[in-house]
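What follows is one structure encoded as structure tokens, with my remarks underneath.
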There are 2 protein chains.
Amino acid sequence: MAGAPNIREVALRAGVSVGTVSNVLNRPELVAEPTRDRVYAAIEELGFVRNDSARQLRVGRSRTLGLVVLDVANPFFTDVARGVEDTANQHGLAVILCNTDEDPRKEASHLDLLAEMRVQGVLINPIDTDGRIAALRGRGTPVVLFDRLGDPDIECSVAVDDVLGGRLAAQHLVEAGHRTILFVGGPLTLRQVQERREGASSVVAAANGAVTMDVLTTTALNVAAGRAAGDRIAASAGRSSADGGGLPSAVFCANDLLALGVLQALTHAGIRVPADVAIVGYDDIDFAAAAAVPLTSVRQPRQQLGRTAAELLLAETMEEQHRHRQVVFQPELIVRDSSST
Amino acid sequence: MAGAPNIREVALRAGVSVGTVSNVLNRPELVAEPTRDRVYAAIEELGFVRNDSARQLRVGRSRTLGLVVLDVANPFFTDVARGVEDTANQHGLAVILCNTDEDPRKEASHLDLLAEMRVQGVLINPIDTDGRIAALRGRGTPVVLFDRLGDPDIECSVAVDDVLGGRLAAQHLVEAGHRTILFVGGPLTLRQVQERREGASSVVAAANGAVTMDVLTTTALNVAAGRAAGDRIAASAGRSSADGGGLPSAVFCANDLLALGVLQALTHAGIRVPADVAIVGYDDIDFAAAAAVPLTSVRQPRQQLGRTAAELLLAETMEEQHRHRQVVFQPELIVRDSSST
DNA sequence: CCGCGAGGCTGAATCGGTTCAACGCGGACC
DNA sequence: GGTCCGCGTTGAACCGATTCAGCCTCGCGG
């Protein structure tokens, strides 16, 4: 009595068998109405709550799905998470949100936990492609990659074309007359950072030497790292350009958090944005528009990314014979004050 | 064989009984080394992963704890979540993060799910004090309130003194010479909003008519609502003060998201911050400092709030006879450019 | 009057770890 | 030689919901 009444006590109280209670819970249309009402009444009176472990044990799989992200503090990921949640909730699934902080060890331990929980599937923006993802899949748990393309033979994935995004940003700056661009981002091991840089590089290369692009590497993709980068940029303003100094005319940041940090540091140093230096960010998080110098940014369809990823996962769990798909979204440049002439 | 090997297959392969395998998993010090190694080898070879449902079913409770927040997109809550996660992980617990979007129905459905999962405990910033929280507790699941004080006889809670926070903000503005203050926040049913307003009101009242404070109610606590409020403030600038128009000399926002929205709208309308209007926010999220007009804000110890809440929860699950505690943190005013003269 | 089918319900088997009483065995001690 | 102890291991009972073969009842057609 203390603690949790079980299905047997409910059955006893309603004067039926446990099988009938289970039917009321799961397939009420099979049970005659008066019986059903008696069972509902008993459940109510006892305050019965189904024990999900027992259910799962019998059924074999859970009603949850795991979402593993690099950084919950980044609004980009919380927006993706919202998209995932929407789709999952519509199908009666719960989402377990795991945060890796870009740390492979945390990623590993979260994946182990999700495996033990026998989640229906995992959505992940992987750092480390260690064997765990393959192992999960080997045990029959579908894994969908998001914000990163995978091998179409073995997995579904949803991504945004980061090379194109980089190109859009750089093109915009070049067309606005900027000739010295600085790319700020890191760590360079992250594919997103690499590809955005690559896109920008291709535009610069096409200008045949008329435009130059330097790279300032950061250790993380957050506001603090952006501030540090901004301080270095401001410090270089005093030095002659022969000395590697001089302000760039534009800064392209690998994400908005960095851009906001850079913006703050530059403003603080008395450098005007966009008059002295233009800034372009990436992701178009809500705070980009909310900055007092609204940020030009490359918009990714964040919620849709999440929704689509979840849909692919559900398709994989339900379809009889599944063909892996790759979905690639196109980013879009949103021009605001930080890069207007 | 397909899918998931179980503990019996491991036992068979290692040539021991299932009991021994379980001991290796849970209390390896009881098992002789050579046996242990054979079991580990078998686990490795088969790719065995413990089925957590079965474990939970037997043991009675899970190794997870639920965290229910109003809005994952608000950095305040992700910071709290990080604090909770730190503490939980140290004790080998996982955190399930649930988002209510300030919607009582979503809150209810998440609580139902957590109940079915038999989580070790729940940390919640409740909207609706419907019976579910009491019911959970009745079934033996500890529930700790955070960012809100509860009844010390029945529950633990961790909060920050919001009345004091409101007072600090208003005091700062009054001392800086502001005489017409506008409080922006809502919905007023949220206790946090109420208390911050109340604190500010008390300061205004103490000024014996020298200072006035109006209230502009918002429908939510996010950037978009802040922008809308900012637009209304800017629109009133043109009207005479007899008409209820005229700019306030300072705006105090119930949280930083609102403040950022207001800041953006005012700047966009050509109103200078802080020269024309000063702004004070609340929470001191990272973006507050990162705004191009860095925001004066009332800082809450966000991570510590999370850590402490988790510790209280753990204490309640472990202590033989538990006495509920209320922990109240003091907020701190961080003065930045948005309110400097 | 009998047979048959459908609807409604029963209850035992099942899922896979955990736990614990009990057992075997070798060494120490009297 | 007998007894006792403790370490290492065993294996069956158990947790609680689900499932399904099978039972009963009732109504209808032959």
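Residue numbering restarts at 1 for every chain of the structure tokens, chains are lettered A, B, ... in their displayed order, and ligands are numbered from 1 as they appear.
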Query raised in the report: For chain C against chain B, which residues fall within 8 Å using only C-alpha atoms (C1' of nucleotides), given as a list in words?
Result: DG16, DG17 and DT18 of chain C
Please produce a file of those selected residues containing N, CA and C atoms (P, O5', C5', C4', C3', O3' and C1' of nucleotides), as an mmCIF file, in the first residue's frame.
```
data_model
loop_
_atom_site.group_PDB
_atom_site.id
_atom_site.type_symbol
_atom_site.label_atom_id
_atom_site.label_comp_id
_atom_site.auth_asym_id
_atom_site.auth_seq_id
_atom_site.Cartn_x
_atom_site.Cartn_y
_atom_site.Cartn_z
ATOM 1 P P DG C 16 14.643 -10.811 -22.767
ATOM 2 O "O5'" DG C 16 15.397 -10.198 -21.503
ATOM 3 C "C5'" DG C 16 15.424 -8.810 -21.337
ATOM 4 C "C4'" DG C 16 16.023 -8.504 -19.983
ATOM 5 C "C3'" DG C 16 17.325 -9.233 -19.669
ATOM 6 O "O3'" DG C 16 18.132 -8.333 -18.952
ATOM 7 C "C1'" DG C 16 15.803 -9.655 -17.984
ATOM 8 P P DG C 17 19.689 -8.485 -19.057
ATOM 9 O "O5'" DG C 17 20.100 -7.513 -17.882
ATOM 10 C "C5'" DG C 17 20.142 -8.038 -16.652
ATOM 11 C "C4'" DG C 17 19.604 -7.044 -15.648
ATOM 12 C "C3'" DG C 17 20.442 -7.090 -14.394
ATOM 13 O "O3'" DG C 17 20.349 -5.871 -13.682
ATOM 14 C "C1'" DG C 17 18.345 -8.136 -14.032
ATOM 15 P P DT C 18 21.405 -5.673 -12.469
ATOM 16 O "O5'" DT C 18 20.612 -6.230 -11.192
ATOM 17 C "C5'" DT C 18 19.449 -5.547 -10.780
ATOM 18 C "C4'" DT C 18 18.925 -6.160 -9.499
ATOM 19 C "C3'" DT C 18 19.961 -6.352 -8.391
ATOM 20 O "O3'" DT C 18 19.329 -5.894 -7.209
ATOM 21 C "C1'" DT C 18 18.853 -8.386 -8.808
#
```
Chain D residues near chain A within 7 Å, closest pair each, using only C-alpha atoms (C1' of nucleotides), as JSON lines:
```
{"residue": "D:DG16", "atom": "C1'", "partner": "A:Ala54", "partner_atom": "CA", "distance": 5.3}
{"residue": "D:DA17", "atom": "C1'", "partner": "A:Arg55", "partner_atom": "CA", "distance": 4.9}
{"residue": "D:DT18", "atom": "C1'", "partner": "A:Arg58", "partner_atom": "CA", "distance": 6.2}
```
Query raised in the report: Which residue out of A:Asp283, A:Glu116, A:Glu319, A:Asp130 has the minimum interatomic distance to chain B when only C-alpha atoms are used?
Result: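 Answer, going by the shortest atom-to-atom distance: A:Glu116.
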Requested in this report: Could you give me, as a PyMOL selection string, each residue of region 173-290 of chain A that DSSP assigns to strand (DSSP E) when run on this structure's backbone?
Outcome: chain A and resi 180-185+212-217+250-253+278-283
Resulting file, chosen residues, all heavy atoms, as a compact mmCIF listing (two decimals), in the first residue's frame:
```
# COMPACT_ATOMS: atom_id res chain seq x y z
N THR A 180 39.34 43.05 -46.89
CA THR A 180 40.11 42.28 -45.89
C THR A 180 39.11 41.68 -44.90
O THR A 180 38.51 42.38 -44.10
CB THR A 180 41.11 43.17 -45.13
OG1 THR A 180 40.40 44.30 -44.59
CG2 THR A 180 42.20 43.66 -46.05
N ILE A 181 38.97 40.36 -45.00
CA ILE A 181 38.00 39.66 -44.18
C ILE A 181 38.73 38.81 -43.15
O ILE A 181 39.80 38.26 -43.43
CB ILE A 181 37.12 38.76 -45.07
CG1 ILE A 181 36.34 39.64 -46.07
CG2 ILE A 181 36.15 37.94 -44.23
CD1 ILE A 181 35.50 38.85 -47.06
N LEU A 182 38.15 38.73 -41.98
CA LEU A 182 38.72 37.86 -40.96
C LEU A 182 37.69 36.81 -40.59
O LEU A 182 36.54 37.15 -40.25
CB LEU A 182 39.09 38.68 -39.71
CG LEU A 182 39.65 37.87 -38.54
CD1 LEU A 182 41.01 37.25 -38.90
CD2 LEU A 182 39.80 38.76 -37.32
N PHE A 183 38.10 35.56 -40.67
CA PHE A 183 37.20 34.48 -40.25
C PHE A 183 37.53 34.13 -38.81
O PHE A 183 38.67 33.85 -38.47
CB PHE A 183 37.39 33.25 -41.14
CG PHE A 183 36.54 32.08 -40.72
CD1 PHE A 183 35.21 31.98 -41.12
CD2 PHE A 183 37.07 31.07 -39.93
CE1 PHE A 183 34.42 30.91 -40.72
CE2 PHE A 183 36.29 29.99 -39.52
CZ PHE A 183 34.96 29.91 -39.93
N VAL A 184 36.50 34.13 -37.95
CA VAL A 184 36.70 33.79 -36.54
C VAL A 184 35.91 32.53 -36.22
O VAL A 184 34.69 32.48 -36.42
CB VAL A 184 36.21 34.93 -35.62
CG1 VAL A 184 36.30 34.52 -34.17
CG2 VAL A 184 37.02 36.19 -35.87
N GLY A 185 36.61 31.51 -35.75
CA GLY A 185 35.89 30.27 -35.41
C GLY A 185 36.83 29.18 -34.92
O GLY A 185 38.05 29.27 -35.08
N THR A 212 41.45 39.40 -49.35
CA THR A 212 42.23 38.47 -48.53
C THR A 212 41.40 38.04 -47.32
O THR A 212 40.54 38.78 -46.84
CB THR A 212 43.51 39.13 -47.99
OG1 THR A 212 43.13 40.20 -47.12
CG2 THR A 212 44.36 39.65 -49.13
N MET A 213 41.66 36.83 -46.86
CA MET A 213 40.95 36.36 -45.67
C MET A 213 41.93 35.69 -44.71
O MET A 213 42.59 34.71 -45.05
CB MET A 213 39.84 35.39 -46.03
CG MET A 213 39.04 34.96 -44.81
SD MET A 213 37.55 34.01 -45.22
CE MET A 213 38.18 32.35 -45.07
N ASP A 214 41.99 36.22 -43.49
CA ASP A 214 42.77 35.57 -42.44
C ASP A 214 41.85 34.76 -41.57
O ASP A 214 40.63 34.93 -41.61
CB ASP A 214 43.48 36.63 -41.59
CG ASP A 214 44.69 37.21 -42.32
OD1 ASP A 214 45.19 36.53 -43.24
OD2 ASP A 214 45.11 38.33 -41.97
N VAL A 215 42.44 33.91 -40.75
CA VAL A 215 41.64 33.08 -39.85
C VAL A 215 42.11 33.27 -38.42
O VAL A 215 43.30 33.23 -38.13
CB VAL A 215 41.77 31.59 -40.22
CG1 VAL A 215 41.05 30.73 -39.20
CG2 VAL A 215 41.20 31.34 -41.62
N LEU A 216 41.17 33.54 -37.54
CA LEU A 216 41.49 33.63 -36.11
C LEU A 216 40.79 32.45 -35.44
O LEU A 216 39.56 32.37 -35.44
CB LEU A 216 40.97 34.96 -35.55
CG LEU A 216 41.13 35.21 -34.05
CD1 LEU A 216 42.57 34.99 -33.60
CD2 LEU A 216 40.72 36.65 -33.73
N THR A 217 41.58 31.54 -34.89
CA THR A 217 41.01 30.32 -34.33
C THR A 217 40.60 30.51 -32.88
O THR A 217 41.36 31.08 -32.08
CB THR A 217 42.05 29.18 -34.39
OG1 THR A 217 42.52 29.08 -35.72
CG2 THR A 217 41.42 27.87 -33.97
N ALA A 250 36.03 43.49 -42.38
CA ALA A 250 34.85 42.71 -42.01
C ALA A 250 35.26 41.45 -41.25
O ALA A 250 36.33 40.91 -41.47
CB ALA A 250 34.06 42.32 -43.25
N VAL A 251 34.39 41.02 -40.35
CA VAL A 251 34.62 39.80 -39.60
C VAL A 251 33.47 38.84 -39.86
O VAL A 251 32.30 39.23 -39.76
CB VAL A 251 34.72 40.08 -38.09
CG1 VAL A 251 34.88 38.78 -37.31
CG2 VAL A 251 35.86 41.03 -37.78
N PHE A 252 33.80 37.61 -40.21
CA PHE A 252 32.78 36.58 -40.40
C PHE A 252 32.98 35.53 -39.30
O PHE A 252 34.04 34.91 -39.21
CB PHE A 252 32.92 35.95 -41.79
CG PHE A 252 32.06 34.73 -42.02
CD1 PHE A 252 30.79 34.62 -41.47
CD2 PHE A 252 32.54 33.67 -42.80
CE1 PHE A 252 30.01 33.49 -41.68
CE2 PHE A 252 31.76 32.54 -43.02
CZ PHE A 252 30.50 32.45 -42.46
N CYS A 253 31.97 35.36 -38.46
CA CYS A 253 32.11 34.46 -37.32
C CYS A 253 31.37 33.15 -37.57
O CYS A 253 30.28 33.13 -38.16
CB CYS A 253 31.53 35.10 -36.06
SG CYS A 253 32.41 36.60 -35.59
N ALA A 278 32.60 45.55 -40.30
CA ALA A 278 31.32 44.87 -40.46
C ALA A 278 31.41 43.50 -39.79
O ALA A 278 32.49 42.94 -39.67
CB ALA A 278 30.99 44.71 -41.94
N ILE A 279 30.27 42.99 -39.34
CA ILE A 279 30.27 41.66 -38.74
C ILE A 279 29.13 40.83 -39.33
O ILE A 279 28.02 41.33 -39.51
CB ILE A 279 30.06 41.74 -37.20
CG1 ILE A 279 31.20 42.52 -36.55
CG2 ILE A 279 29.96 40.33 -36.60
CD1 ILE A 279 31.11 42.60 -35.04
N VAL A 280 29.45 39.59 -39.62
CA VAL A 280 28.43 38.64 -40.05
C VAL A 280 28.51 37.41 -39.14
O VAL A 280 29.61 36.91 -38.89
CB VAL A 280 28.61 38.20 -41.52
CG1 VAL A 280 27.60 37.12 -41.89
CG2 VAL A 280 28.47 39.40 -42.45
N GLY A 281 27.37 36.98 -38.66
CA GLY A 281 27.35 35.80 -37.79
C GLY A 281 26.75 34.60 -38.51
O GLY A 281 26.61 34.61 -39.74
N TYR A 282 26.40 33.58 -37.73
CA TYR A 282 25.87 32.36 -38.34
C TYR A 282 24.90 31.69 -37.38
O TYR A 282 25.23 31.56 -36.18
CB TYR A 282 27.03 31.40 -38.65
CG TYR A 282 26.74 30.44 -39.81
CD1 TYR A 282 27.36 30.59 -41.04
CD2 TYR A 282 25.83 29.40 -39.65
CE1 TYR A 282 27.10 29.73 -42.10
CE2 TYR A 282 25.56 28.54 -40.70
CZ TYR A 282 26.21 28.70 -41.92
OH TYR A 282 25.94 27.84 -42.95
N ASP A 283 23.76 31.30 -37.85
CA ASP A 283 22.68 30.59 -37.13
C ASP A 283 21.41 31.43 -37.08
O ASP A 283 20.31 30.90 -37.08
CB ASP A 283 23.01 30.22 -35.67
CG ASP A 283 23.99 29.07 -35.56
OD1 ASP A 283 24.21 28.38 -36.57
OD2 ASP A 283 24.54 28.88 -34.45
```
What residues in chain B lie within 8 Å of chain A, counting only C-alpha atoms, written as a PDB file with N, CA and C atoms, in the first residue's frame?
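New file iface_22.pdb:
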```
ATOM      1  N   ALA B   2      19.939 -11.901 -32.431  1.00  0.00           N
ATOM      2  CA  ALA B   2      19.702 -10.628 -33.095  1.00  0.00           C
ATOM      3  C   ALA B   2      19.302  -9.630 -32.026  1.00  0.00           C
ATOM      4  N   GLY B   3      19.795  -8.430 -32.122  1.00  0.00           N
ATOM      5  CA  GLY B   3      19.406  -7.433 -31.154  1.00  0.00           C
ATOM      6  C   GLY B   3      20.244  -7.510 -29.898  1.00  0.00           C
ATOM      7  N   ALA B   4      19.612  -7.954 -28.805  1.00  0.00           N
ATOM      8  CA  ALA B   4      20.280  -7.750 -27.534  1.00  0.00           C
ATOM      9  C   ALA B   4      20.558  -9.036 -26.773  1.00  0.00           C
ATOM     10  N   GLY B  47      28.970  -7.898 -26.812  1.00  0.00           N
ATOM     11  CA  GLY B  47      28.435  -6.542 -26.902  1.00  0.00           C
ATOM     12  C   GLY B  47      27.225  -6.373 -25.993  1.00  0.00           C
ATOM     13  N   VAL B  49      24.736  -5.107 -23.262  1.00  0.00           N
ATOM     14  CA  VAL B  49      24.399  -3.847 -22.593  1.00  0.00           C
ATOM     15  C   VAL B  49      23.251  -4.116 -21.633  1.00  0.00           C
ATOM     16  N   ARG B  50      23.436  -3.765 -20.414  1.00  0.00           N
ATOM     17  CA  ARG B  50      22.432  -4.003 -19.376  1.00  0.00           C
ATOM     18  C   ARG B  50      21.089  -3.392 -19.756  1.00  0.00           C
ATOM     19  N   ASN B  51      20.031  -4.122 -19.519  1.00  0.00           N
ATOM     20  CA  ASN B  51      18.688  -3.602 -19.780  1.00  0.00           C
ATOM     21  C   ASN B  51      18.193  -2.870 -18.539  1.00  0.00           C
ATOM     22  N   ASP B  52      18.124  -1.569 -18.684  1.00  0.00           N
ATOM     23  CA  ASP B  52      17.841  -0.763 -17.510  1.00  0.00           C
ATOM     24  C   ASP B  52      16.406  -0.946 -17.002  1.00  0.00           C
ATOM     25  N   SER B  53      15.488  -1.281 -17.890  1.00  0.00           N
ATOM     26  CA  SER B  53      14.101  -1.481 -17.433  1.00  0.00           C
ATOM     27  C   SER B  53      14.049  -2.632 -16.447  1.00  0.00           C
ATOM     28  N   ALA B  54      14.719  -3.714 -16.814  1.00  0.00           N
ATOM     29  CA  ALA B  54      14.701  -4.886 -15.946  1.00  0.00           C
ATOM     30  C   ALA B  54      15.321  -4.542 -14.594  1.00  0.00           C
ATOM     31  N   GLN B  56      15.574  -1.596 -13.186  1.00  0.00           N
ATOM     32  CA  GLN B  56      14.687  -0.704 -12.463  1.00  0.00           C
ATOM     33  C   GLN B  56      13.504  -1.424 -11.870  1.00  0.00           C
ATOM     34  N   LEU B  57      12.975  -2.332 -12.656  1.00  0.00           N
ATOM     35  CA  LEU B  57      11.790  -3.054 -12.203  1.00  0.00           C
ATOM     36  C   LEU B  57      12.083  -3.752 -10.887  1.00  0.00           C
ATOM     37  N   VAL B  72      13.075  26.243 -22.050  1.00  0.00           N
ATOM     38  CA  VAL B  72      14.488  25.880 -22.311  1.00  0.00           C
ATOM     39  C   VAL B  72      15.205  26.900 -23.157  1.00  0.00           C
ATOM     40  N   ALA B  73      14.462  27.741 -23.848  1.00  0.00           N
ATOM     41  CA  ALA B  73      15.129  28.716 -24.705  1.00  0.00           C
ATOM     42  C   ALA B  73      15.670  29.888 -23.887  1.00  0.00           C
ATOM     43  N   PRO B  75      18.191  31.281 -21.427  1.00  0.00           N
ATOM     44  CA  PRO B  75      19.500  30.879 -20.900  1.00  0.00           C
ATOM     45  C   PRO B  75      19.516  30.750 -19.378  1.00  0.00           C
ATOM     46  N   THR B  78      18.792  27.159 -18.802  1.00  0.00           N
ATOM     47  CA  THR B  78      19.830  26.210 -19.213  1.00  0.00           C
ATOM     48  C   THR B  78      21.012  26.283 -18.244  1.00  0.00           C
ATOM     49  N   ASP B  79      21.236  27.455 -17.684  1.00  0.00           N
ATOM     50  CA  ASP B  79      22.306  27.549 -16.693  1.00  0.00           C
ATOM     51  C   ASP B  79      21.946  26.798 -15.416  1.00  0.00           C
ATOM     52  N   ILE B  96      16.526  14.275 -16.771  1.00  0.00           N
ATOM     53  CA  ILE B  96      15.584  14.396 -17.870  1.00  0.00           C
ATOM     54  C   ILE B  96      15.012  15.794 -17.842  1.00  0.00           C
ATOM     55  N   LEU B  97      15.281  16.531 -18.908  1.00  0.00           N
ATOM     56  CA  LEU B  97      14.895  17.930 -18.959  1.00  0.00           C
ATOM     57  C   LEU B  97      13.555  18.072 -19.660  1.00  0.00           C
ATOM     58  N   ALA B 115       6.272  10.367 -13.484  1.00  0.00           N
ATOM     59  CA  ALA B 115       5.717   9.459 -12.476  1.00  0.00           C
ATOM     60  C   ALA B 115       5.779   8.023 -12.982  1.00  0.00           C
ATOM     61  N   GLU B 116       5.406   7.816 -14.227  1.00  0.00           N
ATOM     62  CA  GLU B 116       5.456   6.460 -14.780  1.00  0.00           C
ATOM     63  C   GLU B 116       6.888   5.929 -14.823  1.00  0.00           C
ATOM     64  N   MET B 117       7.816   6.838 -15.021  1.00  0.00           N
ATOM     65  CA  MET B 117       9.210   6.415 -15.086  1.00  0.00           C
ATOM     66  C   MET B 117       9.794   6.126 -13.716  1.00  0.00           C
ATOM     67  N   ARG B 118       9.083   6.457 -12.669  1.00  0.00           N
ATOM     68  CA  ARG B 118       9.561   6.262 -11.304  1.00  0.00           C
ATOM     69  C   ARG B 118      10.920   6.940 -11.091  1.00  0.00           C
ATOM     70  N   ALA B 135       0.485  14.431  -5.414  1.00  0.00           N
ATOM     71  CA  ALA B 135       0.312  13.008  -5.694  1.00  0.00           C
ATOM     72  C   ALA B 135       1.659  12.306  -5.814  1.00  0.00           C
ATOM     73  N   GLY B 138       3.035  11.900  -2.527  1.00  0.00           N
ATOM     74  CA  GLY B 138       2.297  10.868  -1.818  1.00  0.00           C
ATOM     75  C   GLY B 138       2.802   9.478  -2.177  1.00  0.00           C
ATOM     76  N   ARG B 139       3.237   9.325  -3.413  1.00  0.00           N
ATOM     77  CA  ARG B 139       3.757   8.032  -3.832  1.00  0.00           C
ATOM     78  C   ARG B 139       5.238   7.872  -3.498  1.00  0.00           C
ATOM     79  N   GLY B 140       5.775   8.835  -2.730  1.00  0.00           N
ATOM     80  CA  GLY B 140       7.133   8.653  -2.247  1.00  0.00           C
ATOM     81  C   GLY B 140       8.215   9.280  -3.111  1.00  0.00           C
ATOM     82  N   VAL B 223      12.157  37.591 -25.883  1.00  0.00           N
ATOM     83  CA  VAL B 223      12.652  38.739 -26.628  1.00  0.00           C
ATOM     84  C   VAL B 223      11.550  39.386 -27.458  1.00  0.00           C
ATOM     85  N   LEU B 260      16.397  42.912 -23.430  1.00  0.00           N
ATOM     86  CA  LEU B 260      17.079  42.940 -24.726  1.00  0.00           C
ATOM     87  C   LEU B 260      16.118  43.357 -25.827  1.00  0.00           C
ATOM     88  N   GLY B 261      14.898  42.875 -25.732  1.00  0.00           N
ATOM     89  CA  GLY B 261      13.896  43.261 -26.726  1.00  0.00           C
ATOM     90  C   GLY B 261      13.602  44.756 -26.663  1.00  0.00           C
ATOM     91  N   LEU B 263      15.518  47.082 -25.449  1.00  0.00           N
ATOM     92  CA  LEU B 263      16.734  47.781 -25.889  1.00  0.00           C
ATOM     93  C   LEU B 263      16.773  47.880 -27.411  1.00  0.00           C
ATOM     94  N   GLN B 264      16.482  46.775 -28.040  1.00  0.00           N
ATOM     95  CA  GLN B 264      16.548  46.768 -29.496  1.00  0.00           C
ATOM     96  C   GLN B 264      15.507  47.703 -30.107  1.00  0.00           C
ATOM     97  N   THR B 267      16.481  51.418 -29.491  1.00  0.00           N
ATOM     98  CA  THR B 267      17.607  51.814 -30.334  1.00  0.00           C
ATOM     99  C   THR B 267      17.140  52.014 -31.770  1.00  0.00           C
ATOM    100  N   ASP B 286      24.293  35.512 -19.908  1.00  0.00           N
ATOM    101  CA  ASP B 286      25.504  35.901 -20.636  1.00  0.00           C
ATOM    102  C   ASP B 286      25.243  36.950 -21.703  1.00  0.00           C
ATOM    103  N   PHE B 287      24.079  36.868 -22.336  1.00  0.00           N
ATOM    104  CA  PHE B 287      23.796  37.806 -23.402  1.00  0.00           C
ATOM    105  C   PHE B 287      23.603  39.230 -22.890  1.00  0.00           C
ATOM    106  N   ALA B 290      26.796  40.724 -23.176  1.00  0.00           N
ATOM    107  CA  ALA B 290      27.232  40.692 -24.565  1.00  0.00           C
ATOM    108  C   ALA B 290      26.472  41.663 -25.453  1.00  0.00           C
ATOM    109  N   ALA B 291      25.422  42.254 -24.935  1.00  0.00           N
ATOM    110  CA  ALA B 291      24.684  43.215 -25.746  1.00  0.00           C
ATOM    111  C   ALA B 291      25.593  44.407 -26.019  1.00  0.00           C
ATOM    112  N   ALA B 292      25.380  45.067 -27.145  1.00  0.00           N
ATOM    113  CA  ALA B 292      26.307  46.138 -27.510  1.00  0.00           C
ATOM    114  C   ALA B 292      26.178  47.312 -26.555  1.00  0.00           C
ATOM    115  N   VAL B 293      24.999  47.491 -25.954  1.00  0.00           N
ATOM    116  CA  VAL B 293      24.939  48.349 -24.764  1.00  0.00           C
ATOM    117  C   VAL B 293      24.792  47.379 -23.604  1.00  0.00           C
ATOM    118  N   PRO B 294      25.911  47.053 -22.982  1.00  0.00           N
ATOM    119  CA  PRO B 294      25.852  46.008 -21.951  1.00  0.00           C
ATOM    120  C   PRO B 294      24.823  46.373 -20.887  1.00  0.00           C
TER     121      PRO B 294
END
```
Query raised in the report: Which neighbours of DC9 (chain C) fall inside 12 Å, counting only C-alpha atoms (C1' of nucleotides), when residues of the same chain fewer than 5 positions from it are skipped, and could you give them as a list in words?
Result: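 My list of contacting residues is Gly15, Val16, Ser17, Val18, Gly19, Thr20, Val21, Ser22, Asn23, Val24, Leu30, Val31, Ala32, Thr35 and Arg36 of chain A; DG22, DC23, DC24 and DT25 of chain D.
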Query raised in the report: What are the DSSP helix (DSSP H, G or I) residues of region 85-312 of chain B, as a PyMOL selection string?
Result: chain B and resi 85-90+104-117+131-138+162-175+191-206+223-236+241-243+256-268+286-290+302-312
Query raised in the report: Can you tell me, as an MDAnalysis selection string, what residues are no more than 12 Å from DC30 (chain C) when counting only C-alpha atoms (C1' of nucleotides), ignoring any on the same chain fewer than 3 positions away?
Result: chainID D and resid 1:4
Report task. Could you jot down the CA of Asp231 (chain B) to CA of Ile271 (chain B) separation for me, Å, one decimal place? Result ->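 We find that CA of Asp231 (chain B) and CA of Ile271 (chain B) lie 10.9 Å from each other.
Proximity to DG11 (chain C) was assessed for D:DC5, D:DC14, D:DA21, D:DC28 counting only C-alpha atoms (C1' of nucleotides); the smallest distance is recorded for D:DA21.
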